[in-house]
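Each remark here refers to the structure printed beneath this line.
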Amino acid sequence: DSVGAQAEYIRHGLNFETFLKNVNRYLDEVDANSVSFINTVNCLSITGLPGFIDMVRDLRAKHSQTFQRVWFDTPILHYPPWQSIRVLPERYQDLLAESIRYMSKYPETRETRLRGFKDFEIAKLERVLALMKQPLAPKELERQRADFFYFFREHDRRRGTDFHRTFPEMADFWELCQRAAKNHEMMESPS
């Protein structure tokens, strides 16, 4: 769903360096097979998407000489709803749009048949962007952001992780979610 420390946060227990080393080893040692990455696009994967795309591109450049050996798919996470891309502020749409533009610079052509990005790969991320642009009802959005805050605050406490250290570029979103949680608590508390 991402790369490096962010992938490890999202997929608790993952050692990304070992994972990437094993992917390269597999592709080096097993000639007639391929690998496929399933990036379940969620609110935590948007900021890491450029690194993920670079990883795919680098692996394709290294290993896809005679046939496509590195594939990826980008299904959209819908549940739990507080981890959906629809809870993100509008500026995250710009980040995704930038990733789509980047991929479009490296289309699959005759010369880059095995290393470029296919039209359907780009189209799937355009579908993700279209969903991001569908707003949630304000009350639902606030509730989902509050749930995001509650979940990841507890996640960090229980697992010894640190959202702020892992996703510093998402500090604005965390603050929105924290504010939503405070608003929710005020609405729930008896007067």
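Chain lettering (A, B, ...) mirrors the order of the structure tokens, residue numbering begins at 1 for each chain separately, and ligand numbering begins at 1 in order of display.
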
Those of stretch 15-157 of chain A in DSSP strand (DSSP E), formatted as a count of residues only: 8

Those of stretch 58-186 of chain A in DSSP helix (DSSP H, G or I), formatted as a ChimeraX atom specification: /A:58-63,81-83,85-87,91-104,119-132,138-159,163-166,168-186

Residue among A:Val70, A:Asp172, A:Ile76, A:Arg179 lying closest to A:Ala130, counting only C-alpha atoms: A:Ile76

Write out as a CSV table (one decimal) with all heavy atoms, in the first residue's frame the residues lying within 6 Å of stretch 1-13 of chain A, counting only C-alpha atoms and excluding same-chain residues fewer than 3 positions away.
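Produced file part_30.csv, reproduced below:
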chain,number,residue,atom,x,y,z
A,16,PHE,N,9.9,-3.9,5.3
A,16,PHE,CA,9.9,-3.5,3.9
A,16,PHE,C,11.2,-3.8,3.2
A,16,PHE,O,11.2,-4.3,2.1
A,16,PHE,CB,9.5,-2.0,3.7
A,16,PHE,CG,9.3,-1.7,2.3
A,16,PHE,CD1,8.2,-2.0,1.6
A,16,PHE,CD2,10.3,-1.0,1.6
A,16,PHE,CE1,8.0,-1.7,0.3
A,16,PHE,CE2,10.2,-0.7,0.2
A,16,PHE,CZ,9.0,-1.1,-0.4
A,39,ASN,N,-2.1,-2.8,-4.3
A,39,ASN,CA,-2.1,-1.6,-3.5
A,39,ASN,C,-3.5,-1.2,-3.2
A,39,ASN,O,-4.2,-0.6,-4.0
A,39,ASN,CB,-1.3,-0.5,-4.2
A,39,ASN,CG,-1.2,0.8,-3.4
A,39,ASN,OD1,-2.1,1.1,-2.5
A,39,ASN,ND2,-0.2,1.5,-3.6
A,40,THR,N,-4.0,-1.6,-2.0
A,40,THR,CA,-5.4,-1.3,-1.6
A,40,THR,C,-5.4,0.2,-1.3
A,40,THR,O,-4.9,0.6,-0.2
A,40,THR,CB,-5.9,-2.2,-0.5
A,40,THR,OG1,-5.7,-3.6,-0.8
A,40,THR,CG2,-7.3,-1.9,-0.2
A,45,SER,N,-2.4,5.6,2.0
A,45,SER,CA,-1.5,5.2,0.9
A,45,SER,C,-1.3,6.3,-0.1
A,45,SER,O,-0.4,6.2,-0.9
A,45,SER,CB,-2.0,3.9,0.2
A,45,SER,OG,-3.3,4.2,-0.4
A,48,GLY,N,2.2,8.0,0.0
A,48,GLY,CA,3.3,7.1,-0.4
A,48,GLY,C,3.2,6.6,-1.8
A,48,GLY,O,4.1,5.9,-2.3
A,52,PHE,N,5.7,4.3,-4.3
A,52,PHE,CA,5.2,3.0,-4.8
A,52,PHE,C,5.4,2.9,-6.3
A,52,PHE,O,5.8,1.9,-6.8
A,52,PHE,CB,3.8,2.8,-4.3
A,52,PHE,CG,3.2,1.5,-4.8
A,52,PHE,CD1,3.4,0.3,-4.2
A,52,PHE,CD2,2.4,1.5,-6.0
A,52,PHE,CE1,2.8,-0.9,-4.6
A,52,PHE,CE2,1.8,0.3,-6.4
A,52,PHE,CZ,2.0,-0.9,-5.8
A,166,THR,N,5.7,8.8,11.3
A,166,THR,CA,5.6,8.0,10.0
A,166,THR,C,5.0,8.8,8.9
A,166,THR,O,5.4,8.6,7.7
A,166,THR,CB,4.8,6.7,10.3
A,166,THR,OG1,5.3,6.0,11.4
A,166,THR,CG2,4.9,5.7,9.1

Counting only C-alpha atoms, the residue of A:Arg91, A:Pro75, A:Gln68, A:Ala137 that sits nearest A:Asp31: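 Distance minimum relative to A:Asp31 lands on A:Gln68.
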
Polymer residues at most 9 Å from stretch 122-129 of chain A, only C-alpha atoms, same-chain spacing of 4 or more positions, as a VMD selection string: chain A and resid 41 73 to 76 85 93 96 to 97 99 to 101 103 to 104 107 117 to 118 133

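Here the question is which of A:Val56, A:Leu77, A:Val35, A:Leu88 gets nearest to A:Met170 using only C-alpha atoms, and that residue is A:Leu88.
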
Top pick for closest residue to A:Tyr92, considering A:Ala146, A:Leu49, A:Glu140, A:Val30 and counting only C-alpha atoms: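 Looking only at the distances to A:Tyr92, the closest residue turns out to be A:Leu49.
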